[in-house]
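Report on the following structure.
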Amino acid sequence: MYRLARNLLFTLPPETAHETVVTALRAAQHGPILDALGSHLIVEDPRLETTAFGLDFPNPVGVAAGFDKNARIPETLGALGFGHIEIGAVTPEGQAGNPQPRLFRLPADKAIINRMGFNNAGADAIAARLAGQHPAVPIGANLGKNKETPLESAAEDYLTVYEKLGPHADFFVVNVSSPNTPGLRDLQDREPLEHILSTLVDAGAHPLLVKLSPDLHEEAIAEVIDLAESVGLDGIVATNTTIKRPDSLTSPNAAEEGGLSGAPIRDRATATIRFVAERTNLPVVGVGGIFDAEDAYEKIRAGADLVQLYTGFIYQGPTVARDINRGLLDRLEADGFDSIQDAVGADLD
Ligand SMILES: Cc1cc2nc3c(=O)[nH]c(=O)nc-3n(C[C@H](O)[C@H](O)[C@H](O)COP(=O)(O)O)c2cc1C
């Protein structure tokens, strides 16, 4: 069924297709359609329930940042069976992002390249939108900075967004790893990152996580982990998109500039999760190249307490959370685990 819809959607420019889907899902945001969706797609099972950074999640499978940037459909995404939604990135002021086209499909590679550049409605508008919603699952807010804000003042942007969204979101993710805002990834260096994270911690931002680029080398990741522990962070999200282009890519769009996501980053993201989980007890949110239960389970066994997906959602369609959650239950049973929490880190030494 989705294969047919997807074939149609894939004839549209990617951003138009995305808008079409979000508008359609928005129509379901309230009322009986939502209940009908939920009864088909939410997999309720105590073995999938999990706790991370003090929050309860009905299942470990969430929507990654960037899909619902403006918090238009968190309730509907919950009804599709996702266990949490990360909205954003949100910047203090609304901004248009980069010129279009800026979103590209690479179907032969099961991948996407994007250079959206934090297009979003801004913290006030998004806070107002969240205030009117009652999603049944935890909501994370991906915090960004405006393009025009100098890097030296970045901490103020993150703080402003946090202060505006604070009352309306359940957890907060510092995004210093998007490749599409000039200089942003330099904020992963120790000094600027320490300033941003401690500013937020001092302001009471909690639970607070930081999202890593898959392009960081191990020393830099180890440094971020050290910092996360010393500042008192609550978790790590691994990973964002890559600016690298693996030789395996065959799609004509592979040469487009931006961040690559989907199947080609799966192994790199999993290796990063494992590296992080081996070095810290902080909870890890695993993201990058998840399409099915096998991919999700691999990340959980590598140390992810929760997982998220974006590209896999585009390619697999609206039943993906249900399919992954069902598949996870099969795998728990096959491996003799009583709950998803018992499988977290099972592959670590
Ligand atoms: C179109 C698009 C927009 C994105 N926007 C954001 C964003 O605003 N903030 C962020 O932290 N990550 C963003 N991401 C990255 C995803 O959250 C995720 O980390 C990445 O795509 C890897 O997961 P995937 O392989 O399941 O897509 C975006 C990804 C895509 C494809």
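Quick note on naming: the chains in the structure tokens go A, B, ... in the order shown, residues restart at 1 in each chain, and ligands are numbered from 1 in order of appearance.
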Would you please give, as an NGL selection string, all residues of segment 83-145 of chain A that DSSP assigns to helix (DSSP H, G or I) based on the backbone?
-> :A and (107-109 or 123-131)
Cut-off 7 Å: closest chain A/ligand 1 atom pairs per residue, using only C-alpha atoms and all ligand atoms, as a tab-separated table:
```
residue	atom	partner	partner_atom_place_in_ligand_line	distance
A:Ala64	CA	ligand 1	17 (O)	4.2
A:Ala65	CA	ligand 1	17 (O)	3.9
A:Gly66	CA	ligand 1	5 (N)	3.2
A:Phe67	CA	ligand 1	3 (C)	6.2
A:Lys69	CA	ligand 1	8 (O)	6.5
A:Gly88	CA	ligand 1	8 (O)	5.3
A:Ala89	CA	ligand 1	8 (O)	3.8
A:Leu103	CA	ligand 1	1 (C)	6.2
A:Ile112	CA	ligand 1	31 (C)	5.7
A:Ile113	CA	ligand 1	31 (C)	6.5
A:Asn114	CA	ligand 1	1 (C)	5.1
A:Met116	CA	ligand 1	3 (C)	6.4
A:Phe118	CA	ligand 1	8 (O)	5.5
A:Asn142	CA	ligand 1	11 (O)	6.0
A:Asn175	CA	ligand 1	11 (O)	5.2
A:Ser177	CA	ligand 1	11 (O)	6.8
A:Ser178	CA	ligand 1	10 (C)	6.1
A:Lys211	CA	ligand 1	11 (O)	6.6
A:Thr239	CA	ligand 1	19 (O)	5.3
A:Asn240	CA	ligand 1	19 (O)	3.6
A:Thr241	CA	ligand 1	20 (C)	4.8
A:Ser261	CA	ligand 1	25 (O)	4.1
A:Gly262	CA	ligand 1	25 (O)	3.4
A:Ala263	CA	ligand 1	25 (O)	6.4
A:Ile265	CA	ligand 1	25 (O)	6.4
A:Arg266	CA	ligand 1	25 (O)	6.8
A:Val287	CA	ligand 1	23 (O)	5.0
A:Gly288	CA	ligand 1	25 (O)	3.5
A:Gly289	CA	ligand 1	25 (O)	3.7
A:Ile290	CA	ligand 1	26 (O)	5.3
A:Gln308	CA	ligand 1	26 (O)	6.4
A:Leu309	CA	ligand 1	26 (O)	3.5
A:Tyr310	CA	ligand 1	27 (O)	3.9
A:Thr311	CA	ligand 1	27 (O)	3.7
A:Gly312	CA	ligand 1	26 (O)	5.5
```
If you keep N, CA and C atoms, can you produce a file of those selected residues as a CSV table (one decimal), in the first residue's frame?
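Wrote selection_5.csv, looks like this:
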```csv
chain,number,residue,atom,x,y,z
A,64,ALA,N,13.3,11.1,14.6
A,64,ALA,CA,14.5,12.0,14.7
A,64,ALA,C,14.2,13.4,14.4
A,65,ALA,N,15.1,14.3,14.8
A,65,ALA,CA,14.9,15.8,14.6
A,65,ALA,C,14.9,16.0,13.1
A,66,GLY,N,14.1,17.1,12.7
A,66,GLY,CA,14.1,17.5,11.3
A,66,GLY,C,12.8,17.1,10.6
A,67,PHE,N,12.2,16.0,11.1
A,67,PHE,CA,11.0,15.6,10.4
A,67,PHE,C,9.8,16.5,10.7
A,69,LYS,N,9.9,19.7,12.2
A,69,LYS,CA,10.7,20.8,12.7
A,69,LYS,C,9.8,21.8,13.4
A,88,GLY,N,12.0,20.1,15.9
A,88,GLY,CA,13.1,21.1,15.6
A,88,GLY,C,14.0,20.6,14.5
A,89,ALA,N,15.1,21.2,14.3
A,89,ALA,CA,15.7,22.2,15.1
A,89,ALA,C,14.9,23.5,15.1
A,103,LEU,N,16.8,19.4,-0.6
A,103,LEU,CA,16.5,18.0,-0.1
A,103,LEU,C,16.5,17.1,-1.3
A,112,ILE,N,19.3,10.0,1.9
A,112,ILE,CA,18.8,11.3,1.6
A,112,ILE,C,20.0,12.2,1.8
A,113,ILE,N,20.1,13.3,1.0
A,113,ILE,CA,21.0,14.4,1.3
A,113,ILE,C,20.2,15.6,1.5
A,114,ASN,N,20.5,16.3,2.6
A,114,ASN,CA,19.7,17.6,2.9
A,114,ASN,C,20.7,18.7,3.2
A,116,MET,N,19.0,21.7,4.4
A,116,MET,CA,17.9,22.6,4.7
A,116,MET,C,18.3,23.9,5.4
A,118,PHE,N,18.2,24.6,8.9
A,118,PHE,CA,17.4,25.1,10.0
A,118,PHE,C,16.2,26.0,9.6
A,142,ASN,N,14.9,19.9,19.7
A,142,ASN,CA,16.3,20.0,19.1
A,142,ASN,C,16.6,21.5,19.1
A,175,ASN,N,22.0,20.8,19.4
A,175,ASN,CA,22.4,20.4,18.1
A,175,ASN,C,23.6,21.2,17.7
A,177,SER,N,25.8,19.7,15.6
A,177,SER,CA,26.4,18.7,14.6
A,177,SER,C,25.7,18.7,13.3
A,178,SER,N,24.8,19.7,13.0
A,178,SER,CA,24.3,19.8,11.7
A,178,SER,C,25.3,20.4,10.8
A,211,LYS,N,24.0,16.2,20.7
A,211,LYS,CA,23.9,15.3,19.5
A,211,LYS,C,25.2,15.4,18.7
A,239,THR,N,23.7,9.4,15.7
A,239,THR,CA,24.5,10.5,15.3
A,239,THR,C,23.6,11.4,14.3
A,240,ASN,N,24.2,12.5,14.0
A,240,ASN,CA,23.6,13.4,12.9
A,240,ASN,C,24.0,12.9,11.5
A,241,THR,N,23.8,13.7,10.5
A,241,THR,CA,24.2,13.3,9.1
A,241,THR,C,25.7,13.5,8.9
A,261,SER,N,22.2,11.0,5.0
A,261,SER,CA,21.5,10.1,6.0
A,261,SER,C,21.1,8.8,5.4
A,262,GLY,N,20.6,7.9,6.2
A,262,GLY,CA,20.1,6.7,5.7
A,262,GLY,C,21.1,5.5,5.8
A,263,ALA,N,20.8,4.5,4.9
A,263,ALA,CA,21.6,3.3,5.0
A,263,ALA,C,23.2,3.5,4.9
A,265,ILE,N,25.0,5.6,6.4
A,265,ILE,CA,25.6,6.0,7.6
A,265,ILE,C,25.3,5.0,8.8
A,266,ARG,N,24.6,3.9,8.4
A,266,ARG,CA,24.2,3.0,9.5
A,266,ARG,C,25.4,2.5,10.3
A,287,VAL,N,20.8,6.8,16.4
A,287,VAL,CA,20.1,7.2,15.2
A,287,VAL,C,21.1,7.2,14.0
A,288,GLY,N,20.6,6.8,12.9
A,288,GLY,CA,21.4,6.7,11.6
A,288,GLY,C,21.2,5.4,10.9
A,289,GLY,N,20.4,5.5,9.8
A,289,GLY,CA,20.3,4.3,9.0
A,289,GLY,C,19.4,3.2,9.5
A,290,ILE,N,18.4,3.5,10.3
A,290,ILE,CA,17.5,2.5,10.8
A,290,ILE,C,16.3,2.4,9.8
A,308,GLN,N,16.1,6.4,17.0
A,308,GLN,CA,15.3,7.3,16.2
A,308,GLN,C,15.5,7.1,14.8
A,309,LEU,N,14.6,7.5,13.9
A,309,LEU,CA,14.8,7.4,12.5
A,309,LEU,C,14.1,8.6,11.8
A,310,TYR,N,14.7,8.9,10.7
A,310,TYR,CA,14.1,9.9,9.7
A,310,TYR,C,14.1,9.3,8.3
A,311,THR,N,15.2,9.0,7.8
A,311,THR,CA,15.3,8.5,6.4
A,311,THR,C,14.5,7.2,6.2
A,312,GLY,N,14.6,6.3,7.2
A,312,GLY,CA,13.9,5.0,7.2
A,312,GLY,C,12.4,5.2,7.2
```
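Take the candidates A:Ser230, A:Arg274, A:Phe172, A:Phe291 and check each one against Glu218 of chain A using only C-alpha atoms; the shortest distance goes to A:Arg274.
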Separation of atom CA of Thr20 of chain A from atom CA of Gly286 of chain A in Å |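 Between these atoms lies a distance of 27.9 Å.
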Contacts of Arg26 of chain A at 8 Å or less, counting only C-alpha atoms, minus same-chain residues fewer than 4 places along, as a count of residues only?
-> 4
Within 7 Å of Val137 of chain A, counting only C-alpha atoms, which residues qualify if same-chain residues fewer than 5 places away don't, as number ranges by chain?
-> A: 57, 78, 83-84
Measuring atom to atom with only C-alpha atoms, identify which of A:Gly117, A:Pro135, A:Gly97, A:Gly303 is nearest to Ile85 of chain A.
->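 Of A:Gly117, A:Pro135, A:Gly97, A:Gly303, the one nearest Ile85 of chain A, counting only C-alpha atoms, is A:Pro135.
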